[in-house]
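S.K.: After the structure tokens below, expect a handful of questions from me.
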Amino acid sequence: MKGTLKFITPFALIGMLGCSEDPEGPLLSELYGEFNLIAGLEVSSDAVDFCSGESVFFTAEFSKSTDWELRIQGLSSGSEKIISGKSRRLDATNTSWNGSTTDFPLFRSEQVEITLYVPEDTLYMKDTVSIDVPKCDEGFVMLDFESGENPLWDEFVQSGGQMTFNVDDVDTAAQGQYYYDMAGEVDWDWLIGYLYVPAASFSDSVLQGGNTLPLSGDPNNVYVNFLLNSPVGITNGLLLIRINEDEDLDGTFNAANEDQYSIEINNVDPGWNLYSFRYSELAALFNGQPTNAAGNDLHEPDKIHQVEFLFLANPSSGYSRLLMDYVVFTEGGPLNP
Amino acid sequence: MKKLSYTLFAAMIVAQLSAQDGRNLWLSSYSRGLIYNDEMKTDGVPDTVTAARTQSGHALVDLGLHVQPNPNLEVMGMIRVRNDFGGFWGSGVTFDLRQLWVRGVIADIIRFQLGDIDYRMSPYTFRNEDEWILGGTSTVSQTSLDMLRYDIFQNDQETWRQQGLAMDFGFQFKKVLDEVNFSLFTTRTNSADFGGSDRLYGGGMMDLQVAKEWHLLYHYANLFDIPETSADPVQLNNPVQSIGLKWSRSLRKYELFANAEAGRSRLEWKGDEDAPVLEGGFSDVEAGLYHRASRLKASIGWRAVGANFRSPGAQTKRIRFERSPNAYQRYTNDQVLRPFSTYDLLRDGTLYNTQLEAGLMTFDPRYGNALPYGTATPNRSGVNARVDWQTEDGVLDLGVRWTSLDDIAGQGTDELRNFQLIQGNASLHLGTYFGWERDLDLDLTLSSENTTRDGKAYEQSDLNNQLIDVALEWEFFEHLSLLAEWRSYTSKGNDLYAVRDLYTQVTDFQEVQFDGQEQLIGGGMQYRFNQKIAAQLFYQSFDWSDPLSGYQAYRWSNWQFNFIMTL
């Protein structure tokens with residue numbers, strides 16, 4: 001017997017050195033155990049200035065890993081941000097919020113209400129936080145309509161019925177308080193009206209001495225972003241955006257020998273919708289069909305001279321309407337509202 | 001094609017000549033021809049999309065040319081010529097180089113083999129262990145299983161077919177030590193041509209014999225990547241080493257023996273800062289005896305394998321459970337992928353693995369939950385016992401193996417799972433009992449595997465896998481036998497399957513629940529021209545169902561004719 005033990009013992013010791021007895025993997029109690037709330041919803045800060053780079057996060061703890069959803073709602077704007085996940089703890093790693101939105105409009109300086117929902121237990125918890133300054137998006141904000149109409153804009157409205165081409169705040173804006181309302185019925189022409197925004201409508205301090213928009217020259221890096229909202233039941237509207245380049249930088253755009261790139265948007269859903277396009281992917285259009293650009297056929301965002309918004313509808317389709325807000329050029333990626 | 005035919009023909013002539021004049025050139029060969037006629041029918045809603053009947057078959061010849069240019073050197077090249085039925089000869093024929101090796105003895109000291117090599121070491125370092133669910137098959141099932149095992153170089157010796165170099169040499173001593181033998185190998189498991197770095201598997205063993213009764217063993221194996229053979233900055237490194245001791249003593253009435261092995265492994269991904277370094281170990285001891293008078297052999301052992309023990313040479317599985325079967329791959333009117341069954345495992349070579357894998361491969365708890373990675377399955381400790389007995393007149397052979405294991409580290413809980421695996425087989429040679437000249441053999445195999453875990457409701461496991469096989473073989477006329485088999489495989493119960501990440505660490509658990517029932521009934525005739533040549537006509541009917549799986553039950557029947565010749 002002693003001999004057997006002498007035989008076995010060294011082998012048992014050598015092989016099992018360092019063998020851990022800690023459970024492998026996530027704890028089953030956290031995956032399948034009974035659900036209990038261990039710590040309720042708390043906000044890391046009562047007030048936050050998103051524009052200065054601050055963020056806020058939310059904490060809570062459960063007895064097991066579970067699906068949860070945080071719904072953050074602007075009490076004034078109606079904006080909504082949804083953060084969801086599956087975990088046992090809510091903390092800075094999975095609930096950090098930088099003021100961005102999931103559903104438009106964008107958040108304003110306002111009070112927001114946070115609701116934590118756990119479907120497994122039909123658990124709701126609420127808290128609030130104050131946005132001192134909303135998120136500032138990096139990029140060139142071309143139009144947000146917060147200062148009304150600029151006299152340097154070129155606006156044309158057909159003499160049809162129920163014509164509206166103005167800055168308004170009757171409905172909820174996508175950003176801030178105001179948006180641009182385009183509406184009317186023109187039964188002899190596709191064009192209902194247009195708004196031309198020249199670079200010259202911006203101050204010299206914005207243009208930094210030039211007569212083009214203050215953008216970089218890399219078309220792969222520049223994005224055009226804007227928000228559109230089509231009222232419920234109206235589906236016949238078509239927005240044509242034309243971007244004119246002043247290739248020779250002579251202060252004018254010549255359609256015969258300079259590039260114009262276009263975007264056509266139709267079938268806009270009700271509610272605010274974000275559209276983003278990489279500048280290098282824009283095409284020159286003729287009657288809605290791609291064609292060769294008239295100029296050097298180079299996408300040169302640093303030479304954008306004027307942006308034209310034309311609201312169109314089939315003349316036989318009757319009344320049409322489209323709301324537009326927050327036209328922004330971003331660099332490095334599309335707008336992340 | 002024509003050139004090759006001439007070459008083969010010439011080789012055959014040379015072989016005949018060599019037999020006549022003793023020159024060192026000869027041929028070895030294996031050939032077979034088979035015709036399968038399959039039919040599948042689903043239970044319940046008729047499957048009107050899948051072709052219910054399929055016919056297939058092929059003839060193939062493996063022709064090995066052995067050349068011995070001098071007494072210490074032999075070269076072998078084997079060519080496979082295969083023709084799938086459906087085209088005429090010459091159309092659909094494939095030629096493959098199946099084997100190529102050189103072996104010999106250098107300076108009468110070092111034996112070597114270069115090219116294809118079959119290699120194995122201990123069950124914890126380098127061993128291609130069989131899956132117990134394929135045990136106990138009768139000739140009716142074993143024939144097709146043997147064919148695919150032959151095709152992919154799997155065998156009862158549990159070697160891995162590798163490509164590389166192996167060499168053996170030894171020394172004998174007059175004092176203290178009796179002899180020391182070395183065996184070394186290096187093989188290539190992954191070429192950088194197919195992505196990733198060149199990966200080699202190398203190592204060896206030393207056997208130090210002392211006083212005839214004692215062997216001190218050392219094993220080393222390492223699966224590792226060669227840096228800078230690809231753009232991949234991460235290199236795997238997985239060394240495993242063990243020491244072992246073997247003792248045996250022959251007494252007048254008994255033979256006594258004891259074995260022990262213990263070792264460690266380390267698995268790391270060099271260049272990957274996020275990767276863990278896994279270190280684990282194992283211990284295995286066994287003692288037993290053989291009683292000459294009663295022909296009773298018994299042994300009992302204990303082993304523990306750490307949760308982080310990783311040994312690719314020992315833990316790589318034979319079966320690739322993530323694959324889908326070839327035959328009737330999609331079925332039902334929805335053309336869903338058919339889950340594979342034990343019947344597919346008896347026929348389909350594409351479900352098997354032919355190369356060592358790093359880490360832990362996927363397994364299916366329905367088909368082996370206690371030891372999915374063989375003896376070296378990590379995170380197991382417990383005892384095992386074995387008894388084998390044969391009657392003096394050779395009428396009855398009995399064998400029983402029992403393994404009782406527990407988790408070492410709980411899987412997501414402190415509650416440990418217990419695994420009970422009992423395997424029994426009995427062979428009754430009635431022809432011998434009645435004194436007949438011809439064989440009448442009845443074989444019974446019973447294997448049962450239970451997984452249980454107590455605890456709270458979400459911790460509880462209770463999974464039972466069971467195999468029963470009854471086989472009859474009766475040589476009722478000279479060389480002509482009647483064969484019959486009934487085989488049942490069931491898997492019922494539930495467990496939590498550990499989901500692992502790229503680094504083989506458990507990240508989640510998947511609830512699995514089975515109510516699987518598989519039944520194979522087969523029979524047929526076999527005519528043996530001699531021990532190496534046989535013609536067979538079999539019929540098999542296989543039923544599969546698992547109401548909990550969501551898959552439609554089916555019946556798969558098969559007629560097959562086989563002609564097999566090994567020379």
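Letters A, B, ... go to the chains of the structure tokens in the order shown; residues in each chain start at 1; ligands are counted from 1 in the same order.
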Determine, counting only C-alpha atoms, which protein, DNA and RNA residues have an atom within 9 Å of an atom of region 121-123 of chain A; residues of the same chain fewer than 5 positions away are not included. Present the result as a list in words.
M.R.: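 Counting only the stated atoms, we get Phe35, Asn36 and Leu116 of chain A.
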S.K.: Pick out the chain B residues within 8 Å of chain A. Count only C-alpha atoms. Give them as an NGL selection string.
M.R.: :B and (260-264 or 279-285 or 304-308 or 408-414 or 458-459 or 498 or 505-509)
S.K.: Within 8 Å of Phe58 (chain A), counting only C-alpha atoms, which residues show up once you throw out same-chain ones fewer than 6 positions away? Write them as a list in words, please.
M.R.: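 Contacts, in chain order: Leu41, Glu42, Val43, Ser44, Leu90, Asp91, Ala92, Thr95 and Ser96 of chain A.
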S.K.: Restrict the selected residues to C-alpha atoms and save them as a PDB file, in the first residue's frame.
M.R.:
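Contents of result04.pdb, freshly written:
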ATOM      1  CA  LEU A  41     -31.380  53.780 -11.726  1.00  0.00           C
ATOM      2  CA  GLU A  42     -29.023  56.660 -11.059  1.00  0.00           C
ATOM      3  CA  VAL A  43     -27.637  59.392 -13.304  1.00  0.00           C
ATOM      4  CA  SER A  44     -23.969  60.325 -13.079  1.00  0.00           C
ATOM      5  CA  LEU A  90     -25.375  49.382 -16.195  1.00  0.00           C
ATOM      6  CA  ASP A  91     -22.335  51.616 -16.006  1.00  0.00           C
ATOM      7  CA  ALA A  92     -20.177  53.984 -18.030  1.00  0.00           C
ATOM      8  CA  THR A  95     -24.708  53.494 -21.013  1.00  0.00           C
ATOM      9  CA  SER A  96     -22.531  56.499 -21.792  1.00  0.00           C
TER      10      SER A  96
END
S.K.: Taking 3 positions as the minimum chain separation for residues in the same chain, which residues sit within 8 Å of region 67-76 of chain A when counting only C-alpha atoms? Answer as a PyMOL selection string.
M.R.: chain A and resi 79-87+107-108+110-120
S.K.: Please dump the current selection as a PDB file, in the first residue's frame; keep N, CA and C atoms.
M.R.:
ATOM      1  N   SER A  79     -37.345  64.827 -28.569  1.00  0.00           N
ATOM      2  CA  SER A  79     -36.277  63.972 -29.099  1.00  0.00           C
ATOM      3  C   SER A  79     -36.130  62.715 -28.235  1.00  0.00           C
ATOM      4  N   GLU A  80     -35.606  61.687 -28.864  1.00  0.00           N
ATOM      5  CA  GLU A  80     -35.511  60.427 -28.129  1.00  0.00           C
ATOM      6  C   GLU A  80     -34.201  59.716 -28.445  1.00  0.00           C
ATOM      7  N   LYS A  81     -33.558  59.232 -27.419  1.00  0.00           N
ATOM      8  CA  LYS A  81     -32.350  58.424 -27.557  1.00  0.00           C
ATOM      9  C   LYS A  81     -32.612  57.097 -26.854  1.00  0.00           C
ATOM     10  N   ILE A  82     -32.300  55.993 -27.552  1.00  0.00           N
ATOM     11  CA  ILE A  82     -32.519  54.670 -26.957  1.00  0.00           C
ATOM     12  C   ILE A  82     -31.183  53.951 -26.867  1.00  0.00           C
ATOM     13  N   ILE A  83     -30.871  53.484 -25.683  1.00  0.00           N
ATOM     14  CA  ILE A  83     -29.667  52.671 -25.456  1.00  0.00           C
ATOM     15  C   ILE A  83     -30.150  51.348 -24.886  1.00  0.00           C
ATOM     16  N   SER A  84     -29.722  50.240 -25.478  1.00  0.00           N
ATOM     17  CA  SER A  84     -30.184  48.942 -24.976  1.00  0.00           C
ATOM     18  C   SER A  84     -29.008  47.985 -24.860  1.00  0.00           C
ATOM     19  N   GLY A  85     -29.191  46.929 -24.127  1.00  0.00           N
ATOM     20  CA  GLY A  85     -28.134  45.947 -23.964  1.00  0.00           C
ATOM     21  C   GLY A  85     -28.603  44.787 -23.114  1.00  0.00           C
ATOM     22  N   LYS A  86     -27.663  43.879 -22.883  1.00  0.00           N
ATOM     23  CA  LYS A  86     -27.933  42.759 -21.994  1.00  0.00           C
ATOM     24  C   LYS A  86     -26.742  42.624 -21.064  1.00  0.00           C
ATOM     25  N   SER A  87     -26.984  42.847 -19.801  1.00  0.00           N
ATOM     26  CA  SER A  87     -25.895  42.762 -18.828  1.00  0.00           C
ATOM     27  C   SER A  87     -26.490  42.742 -17.427  1.00  0.00           C
ATOM     28  N   PHE A 107     -31.804  66.941 -29.577  1.00  0.00           N
ATOM     29  CA  PHE A 107     -32.023  67.488 -28.232  1.00  0.00           C
ATOM     30  C   PHE A 107     -31.677  68.968 -28.203  1.00  0.00           C
ATOM     31  N   ARG A 108     -32.363  69.665 -27.356  1.00  0.00           N
ATOM     32  CA  ARG A 108     -32.091  71.090 -27.147  1.00  0.00           C
ATOM     33  C   ARG A 108     -31.548  71.280 -25.726  1.00  0.00           C
ATOM     34  N   GLU A 110     -32.595  71.531 -22.512  1.00  0.00           N
ATOM     35  CA  GLU A 110     -33.898  71.147 -21.977  1.00  0.00           C
ATOM     36  C   GLU A 110     -33.732  70.098 -20.880  1.00  0.00           C
ATOM     37  N   GLN A 111     -34.803  69.790 -20.261  1.00  0.00           N
ATOM     38  CA  GLN A 111     -34.841  68.716 -19.271  1.00  0.00           C
ATOM     39  C   GLN A 111     -35.174  67.413 -20.012  1.00  0.00           C
ATOM     40  N   VAL A 112     -34.460  66.342 -19.686  1.00  0.00           N
ATOM     41  CA  VAL A 112     -34.800  65.058 -20.321  1.00  0.00           C
ATOM     42  C   VAL A 112     -35.168  64.046 -19.246  1.00  0.00           C
ATOM     43  N   GLU A 113     -36.033  63.160 -19.637  1.00  0.00           N
ATOM     44  CA  GLU A 113     -36.473  62.113 -18.713  1.00  0.00           C
ATOM     45  C   GLU A 113     -35.885  60.778 -19.168  1.00  0.00           C
ATOM     46  N   ILE A 114     -35.308  60.050 -18.247  1.00  0.00           N
ATOM     47  CA  ILE A 114     -34.692  58.752 -18.564  1.00  0.00           C
ATOM     48  C   ILE A 114     -35.563  57.661 -17.961  1.00  0.00           C
ATOM     49  N   THR A 115     -35.928  56.709 -18.804  1.00  0.00           N
ATOM     50  CA  THR A 115     -36.720  55.571 -18.335  1.00  0.00           C
ATOM     51  C   THR A 115     -35.927  54.293 -18.570  1.00  0.00           C
ATOM     52  N   LEU A 116     -35.731  53.533 -17.521  1.00  0.00           N
ATOM     53  CA  LEU A 116     -35.077  52.221 -17.648  1.00  0.00           C
ATOM     54  C   LEU A 116     -36.169  51.165 -17.648  1.00  0.00           C
ATOM     55  N   TYR A 117     -36.152  50.322 -18.696  1.00  0.00           N
ATOM     56  CA  TYR A 117     -37.182  49.291 -18.818  1.00  0.00           C
ATOM     57  C   TYR A 117     -36.513  47.923 -18.885  1.00  0.00           C
ATOM     58  N   VAL A 118     -36.952  47.018 -18.033  1.00  0.00           N
ATOM     59  CA  VAL A 118     -36.456  45.642 -18.036  1.00  0.00           C
ATOM     60  C   VAL A 118     -37.638  44.733 -18.373  1.00  0.00           C
ATOM     61  N   PRO A 119     -37.695  44.240 -19.603  1.00  0.00           N
ATOM     62  CA  PRO A 119     -38.864  43.453 -20.016  1.00  0.00           C
ATOM     63  C   PRO A 119     -39.100  42.220 -19.143  1.00  0.00           C
ATOM     64  N   GLU A 120     -38.024  41.563 -18.696  1.00  0.00           N
ATOM     65  CA  GLU A 120     -38.189  40.318 -17.946  1.00  0.00           C
ATOM     66  C   GLU A 120     -39.024  40.521 -16.690  1.00  0.00           C
TER      67      GLU A 120
END
S.K.: Let me make sure I understand: among A:Leu37, A:Leu207, A:Leu298, A:Leu282, which one has the smallest atom-to-atom distance to Phe140 (chain A) if we use only C-alpha atoms?
M.R.: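 Distance minimum relative to Phe140 (chain A) lands on A:Leu207.
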S.K.: Between A:Ala284, A:Val157, A:Cys136, A:Val232, which one has atoms that come closest to Leu322 (chain A), using only C-alpha atoms?
M.R.: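 Comparing A:Ala284, A:Val157, A:Cys136, A:Val232 against Leu322 (chain A), the winner is A:Val232.
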S.K.: Output as a ChimeraX atom specification all residues of region 43-196 of chain A that backbone DSSP marks as alpha helix (DSSP H).
M.R.: /A:92-95
S.K.: Could you pull out all residues of region 24-73 of chain B with a DSSP call of strand (DSSP E) and give them as a PyMOL selection string?
M.R.: chain B and resi 25-42+53-70+73
S.K.: Restricting the calculation to only C-alpha atoms: of A:Ser63, A:Ser147, A:Gln175, A:Asn211, which residue gets closest to Asp103 (chain A)?
M.R.: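 The closest residue to Asp103 (chain A) is A:Gln175.
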S.K.: Find the residues near Asp178 (chain B): any atom within 6 Å, counting only C-alpha atoms, skip ones fewer than 3 places away on the same chain, and give them as a PyMOL selection string.
M.R.: chain B and resi 172-173+209-210
S.K.: Set the distance at 6 Å and use only C-alpha atoms: which residues neighbour Asn225 (chain A) once local chain neighbours fewer than 5 positions away are removed? I'd like the list as a count of residues only.
M.R.: 4
S.K.: Identify which of the residues A:Glu245, A:Gln162, A:Asp269, A:Glu331 lies closest to Asn296 (chain A), counting only C-alpha atoms when measuring atom-to-atom distances.
M.R.: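 Closest to Asn296 (chain A) of all the choices is A:Glu245.
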S.K.: Within 10 Å of Leu345 (chain B), counting only C-alpha atoms, which residues show up once you throw out same-chain ones fewer than 3 positions away? Write them as a ChimeraX atom specification, please.
M.R.: /B:133-134,144-145,148,319,325,340-342,348-352
S.K.: Could you save the residues just selected, with N, CA and C atoms, as a tab-separated table (two decimals), in the first residue's frame?
M.R.:
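Writing the result to again-v5.tsv gives the following:
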chain	number	residue	atom	x	y	z
B	133	ILE	N	-19.27	6.20	-29.50
B	133	ILE	CA	-20.59	6.02	-30.13
B	133	ILE	C	-20.51	5.14	-31.38
B	134	LEU	N	-19.28	4.94	-31.89
B	134	LEU	CA	-19.13	4.10	-33.07
B	134	LEU	C	-18.67	2.69	-32.70
B	144	SER	N	-18.86	-0.32	-44.13
B	144	SER	CA	-18.76	1.04	-44.68
B	144	SER	C	-17.89	1.91	-43.77
B	145	LEU	N	-17.97	1.67	-42.46
B	145	LEU	CA	-17.14	2.44	-41.54
B	145	LEU	C	-15.66	2.15	-41.79
B	148	LEU	N	-14.39	4.08	-44.90
B	148	LEU	CA	-14.07	5.50	-44.72
B	148	LEU	C	-12.87	5.70	-43.79
B	319	ILE	N	-14.32	13.51	-35.33
B	319	ILE	CA	-15.54	13.92	-36.04
B	319	ILE	C	-15.64	15.44	-36.03
B	325	PRO	N	-24.12	16.49	-43.36
B	325	PRO	CA	-23.84	15.26	-44.12
B	325	PRO	C	-23.97	15.49	-45.62
B	340	PHE	N	-26.83	15.59	-38.73
B	340	PHE	CA	-26.32	14.24	-38.99
B	340	PHE	C	-26.59	13.28	-37.85
B	341	SER	N	-26.50	12.02	-38.20
B	341	SER	CA	-26.90	10.95	-37.30
B	341	SER	C	-25.76	9.94	-37.20
B	342	THR	N	-25.95	8.95	-36.37
B	342	THR	CA	-24.93	7.90	-36.27
B	342	THR	C	-24.82	7.13	-37.58
B	348	ASP	N	-20.22	8.51	-44.08
B	348	ASP	CA	-19.82	9.76	-44.71
B	348	ASP	C	-18.45	10.23	-44.23
B	349	GLY	N	-17.45	10.06	-45.07
B	349	GLY	CA	-16.08	10.43	-44.70
B	349	GLY	C	-15.87	11.92	-44.55
B	350	THR	N	-16.75	12.74	-45.16
B	350	THR	CA	-16.56	14.19	-45.07
B	350	THR	C	-16.88	14.72	-43.67
B	351	LEU	N	-17.49	13.90	-42.84
B	351	LEU	CA	-17.79	14.34	-41.47
B	351	LEU	C	-16.59	14.14	-40.54
B	352	TYR	N	-15.53	13.60	-41.10
B	352	TYR	CA	-14.38	13.29	-40.25
B	352	TYR	C	-13.24	14.28	-40.47
S.K.: Rounded to one decimal, what separation in Å do you get between CA of Phe62 (chain A) and CA of Thr93 (chain A)?
M.R.: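 Here the two named atoms are 15.9 Å from each other.
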S.K.: Go through A:Ser52, A:Gln260, A:Asn229, A:Ser280 one by one, measure the shortest atom-to-atom distance of each to Gly295 (chain A) using only C-alpha atoms, and give the residue with the smallest value.
M.R.: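 Of all the options, A:Gln260 lies closest to Gly295 (chain A).
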S.K.: Out of B:Ala258, B:Ala385, B:Lys456, B:Tyr331, which residue has the shortest atom-to-atom distance to Val45 (chain B) when counting only C-alpha atoms?
M.R.: B:Tyr331
S.K.: So how many Å separate CA of Leu444 (chain B) and CA of Gln519 (chain B), to one decimal?
M.R.: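 Spanning CA of Leu444 (chain B) to CA of Gln519 (chain B) is a straight-line distance of 15.3 Å.
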S.K.: Please compute the CA of Ile521 (chain B)-CA of His58 (chain B) distance, one decimal, in Å.
M.R.: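 Straight-line distance from CA of Ile521 (chain B) to CA of His58 (chain B) works out to 24.4 Å.
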